[in-house]
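A.B. asks: My questions will all concern the structure given below.
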Amino acid sequence: MDVDKRNFIIIWICNFLVAGTTTMIMPFLSLYIETFGDHSPAYVQKWSGLIFGATFISAFLMSPIWGRIADKHGFKPILLINGFGIATSIFLMGFVHSVEAFFILRLLMGVVTGFIPTSLAFISAHTAKSEAGKMLGTLQMGSVTGMLFGPIFGGLLADAFGFKYTFIITAISITLAAFIILFALKEQIIVKSTKLVRYSRKAILRGLLHHRLMLNVMIVTTLIQIGNFSVQPLLSLYVSELTDSNDVAFLAGVTFSAAGLGNLLFARKWGQLGDDLGYEKVLSILLLLSFIFIIPQAFVTELWQLILCRLLFGIAVGGMIPITTALVRREAPIQIQGEVMGYNTSFRFLGNIIGPIFGGIVSGFIGISSVFIVTASLFLVGFAVLYYARKKPVQDFEDYLASVDQNGKA
């Protein structure tokens with residue numbers, strides 16, 4: 001079998017394991033906090049947002065560093081650090097007894113978080129630009145398939161055996177994925193550009209912040225994640241308001257998985273459409289669809305209605321990560337692709353940080369249902385930002401980087 005094809009299958013399987021097992025703990029995050037003591041709903045909601053976002057604070061700072069290391073030494077070592085590091089952190093979470101300890105472990109976990117983005121960068125670097133969207137969309141199906149079954153399985157485990165053993169099983173599964181990477185993945189040397197241009201870290205960062213398309217893609221990436229993650233930590237609490245069932249963890253898992261199913265059904269198709277029609281055009285469509293599908297979630301009166309709305313929302317959101325990643329792949333020079341991908345990941349993590357905190361604050365003041373309405377507007381802002389970028393003259397990012405490096409200014 002061709003090495004690239006074999007690597008793709010291995011990464012797909014590992015993404016399935018990592019995404020599936022890490023999302024096992026998501027449905028009961030707020031429920032786990034309630035076991036630490038007799039706390040008010042407002043206290044639990046606030047700490048749910050903080051603990052959910054803690055991982056992404058340190059991940060936001062570390063992603064460009066890991067990306068720069070990957071450009072020099074390859075993506076495989078970073079995947080191993082991510083895999084074993086995440087597994088260790090999650091294992092220890094099963095033994096905490098306070099929100100403060102839980103918060104610190106989530107913060108430390110962020111230092112090594114980034115398995116899924118790094119795997120996207122790995123495949124992107126070994127894929128032709130003309131089919132990057134399709135391949136990344138297909139890869140997205142691996143993580144989404146895991147996300148589809150992970151919350152349901154996690155909810156069942158939590159209801160049957162308790163939260164502690166769910167953390168332990170999660171850690172074991174991620175360790176298995178890391179060992180698969182260690183023994184089965186073969187990273188090939190990528191032929192660098194014949195120009196042999198060496199860009200300074202300062203020039204890359206300055207270029208990203210001043211190049212119209214890349215800057216706006218990074219902003220849109222952040223807005224997407226804020227809109228997506230502002231609701232997730234609160235979803236199990238919202239589900240508990242819509243049902244009298246005792247199996248809240250399981251039903252929250254089903255609700256989580258509804259968006260994953262929408263992802264699974266359309267992620268590859270959106271990526272393929274991006275290859276054919278243009279990434280900017282397809283991303284604009286997805287932003288509008290996300291706005292349309294998130295609004296009704298604020299007005300549901302039955303759980304099945306929320307699940308249906310989450311399914312439709314997942315159809316739109318599922319195409320955004322492969323599309324934005326393919327956009328970065330198209331623009332970034334091959335010799336600094338890991339670092340540029342790292343910055344893109346940082347902007348994603350920035351949204352992951354702001355989203356849960358933002359959602360927790362909004363829900364604390366005006367209720368959980370209002371979070372859907374407030375965050376829906378962010379997708380409209382993202383559409384406007386991208387529309388503005390598309391109307392401006394095209395800039396070649398590699399040439400722009402070279403001019404920034406030579407002149408020391410944009």
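Residue numbers start at 1 in each chain; chains themselves are named A, B, ... in the order of the structure tokens; ligands are numbered from 1 in the order shown.
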Excluding His210 of chain A and its own-chain neighbours fewer than 5 positions away, which residues fall within 12 Å of it when counting only C-alpha atoms? Please give them as a ChimeraX atom specification.
C.D. replies: /A:203-205,215-218,389,395,397,400-401,403-404,409-410
A.B. asks: Which residues come within 6 Å of segment 365-377 of chain A, counting only C-alpha atoms, excluding same-chain residues fewer than 5 positions away, as a VMD selection string?
C.D. replies: chain A and resid 227 291 295 298 359
A.B. asks: Find the residues around segment 28-36 of chain A up to 6 Å (only C-alpha atoms counted), leave out those fewer than 3 positions away in its own chain, and share them as a PyMOL selection string.
C.D. replies: chain A and resi 25+48+97-98+249
A.B. asks: Hey, which of A:Ala121, A:Ala128, A:Leu80, A:Ile57 ends up closest to Phe103 of chain A? Count only C-alpha atoms.
C.D. replies: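 Between A:Ala121, A:Ala128, A:Leu80, A:Ile57, the residue approaching Phe103 of chain A most closely is A:Ile57.
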A.B. asks: Identify, on the basis of only C-alpha atoms, every residue whose closest approach to Thr325 of chain A does not exceed 9 Å; exclude the query and any residue fewer than 6 positions from it along the same chain; express the result as a compact mmCIF listing (two decimals) with C-alpha atoms, in the first residue's frame.
C.D. replies:
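Output file out.txt follows:
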# COMPACT_ATOMS: atom_id res chain seq x y z
CA LEU A 120 -4.83 17.79 10.06
CA ALA A 121 -1.55 19.64 9.48
CA SER A 124 -2.40 18.71 4.71
CA ALA A 132 -6.80 19.40 0.16
CA GLY A 133 -10.45 20.15 0.93
CA LEU A 136 -9.21 17.07 5.04
CA MET A 341 -1.04 25.93 10.92
CA ASN A 344 -4.41 28.97 12.87
A.B. asks: Neighbours of Leu182 of chain A within 12 Å (only C-alpha atoms; same-chain residues fewer than 2 positions away dropped), as a VMD selection string?
C.D. replies: chain A and resid 7 10 to 11 14 75 to 84 175 to 180 184 to 187
A.B. asks: Save out the residues we just selected, N, CA, C and O atoms, as a compact mmCIF listing (two decimals), in the first residue's frame.
C.D. replies:
# COMPACT_ATOMS: atom_id res chain seq x y z
N ASN A 7 -0.62 6.04 5.84
CA ASN A 7 -0.58 7.05 6.90
C ASN A 7 -1.95 7.69 7.13
O ASN A 7 -2.34 7.97 8.26
N ILE A 10 -4.12 5.38 9.12
CA ILE A 10 -3.67 5.34 10.52
C ILE A 10 -4.12 6.60 11.26
O ILE A 10 -4.66 6.53 12.37
N ILE A 11 -3.93 7.77 10.64
CA ILE A 11 -4.33 9.03 11.26
C ILE A 11 -5.86 9.06 11.44
O ILE A 11 -6.36 9.53 12.47
N CYS A 14 -6.71 6.92 14.44
CA CYS A 14 -6.28 7.56 15.68
C CYS A 14 -7.15 8.78 16.01
O CYS A 14 -7.45 9.04 17.18
N PHE A 75 6.03 16.05 12.14
CA PHE A 75 4.78 16.08 12.91
C PHE A 75 4.63 14.88 13.84
O PHE A 75 3.93 14.96 14.85
N LYS A 76 5.28 13.77 13.53
CA LYS A 76 5.11 12.56 14.34
C LYS A 76 5.52 12.76 15.80
O LYS A 76 4.77 12.35 16.72
N PRO A 77 6.67 13.39 16.09
CA PRO A 77 7.02 13.61 17.52
C PRO A 77 5.98 14.44 18.26
O PRO A 77 5.70 14.18 19.44
N ILE A 78 5.38 15.42 17.57
CA ILE A 78 4.37 16.25 18.21
C ILE A 78 3.11 15.43 18.50
O ILE A 78 2.49 15.57 19.56
N LEU A 79 2.74 14.56 17.57
CA LEU A 79 1.57 13.70 17.79
C LEU A 79 1.78 12.78 18.99
O LEU A 79 0.85 12.54 19.77
N LEU A 80 3.00 12.29 19.17
CA LEU A 80 3.30 11.43 20.32
C LEU A 80 3.23 12.20 21.63
O LEU A 80 2.68 11.72 22.62
N ILE A 81 3.79 13.41 21.64
CA ILE A 81 3.72 14.25 22.84
C ILE A 81 2.26 14.56 23.18
O ILE A 81 1.85 14.46 24.34
N ASN A 82 1.48 14.90 22.16
CA ASN A 82 0.06 15.18 22.35
C ASN A 82 -0.66 13.96 22.93
O ASN A 82 -1.40 14.07 23.92
N GLY A 83 -0.47 12.80 22.30
CA GLY A 83 -1.20 11.60 22.70
C GLY A 83 -0.91 11.18 24.13
O GLY A 83 -1.84 11.02 24.95
N PHE A 84 0.37 10.98 24.46
CA PHE A 84 0.71 10.52 25.80
C PHE A 84 0.43 11.59 26.86
O PHE A 84 0.03 11.28 27.98
N THR A 175 -4.02 6.50 24.99
CA THR A 175 -2.70 5.86 25.04
C THR A 175 -2.55 4.86 23.90
O THR A 175 -1.49 4.77 23.26
N LEU A 176 -3.61 4.11 23.63
CA LEU A 176 -3.59 3.16 22.51
C LEU A 176 -3.35 3.89 21.19
O LEU A 176 -2.54 3.44 20.36
N ALA A 177 -4.02 5.02 20.98
CA ALA A 177 -3.82 5.81 19.75
C ALA A 177 -2.37 6.28 19.64
O ALA A 177 -1.78 6.26 18.56
N ALA A 178 -1.78 6.69 20.77
CA ALA A 178 -0.38 7.15 20.76
C ALA A 178 0.57 6.02 20.38
O ALA A 178 1.54 6.23 19.63
N PHE A 179 0.30 4.82 20.87
CA PHE A 179 1.15 3.68 20.52
C PHE A 179 1.01 3.30 19.04
O PHE A 179 1.97 2.88 18.39
N ILE A 180 -0.19 3.46 18.49
CA ILE A 180 -0.39 3.21 17.06
C ILE A 180 0.46 4.18 16.24
O ILE A 180 1.12 3.80 15.27
N ALA A 184 3.28 2.55 13.94
CA ALA A 184 2.72 2.34 12.60
C ALA A 184 2.89 3.51 11.65
O ALA A 184 2.99 3.31 10.43
N LEU A 185 2.95 4.74 12.16
CA LEU A 185 3.01 5.91 11.28
C LEU A 185 4.43 6.12 10.76
O LEU A 185 5.39 6.08 11.53
N LYS A 186 4.56 6.32 9.45
CA LYS A 186 5.85 6.58 8.83
C LYS A 186 5.80 7.95 8.15
O LYS A 186 5.15 8.11 7.12
N GLU A 187 6.51 8.89 8.74
CA GLU A 187 6.50 10.25 8.20
C GLU A 187 7.60 10.39 7.15
O GLU A 187 8.78 10.14 7.43
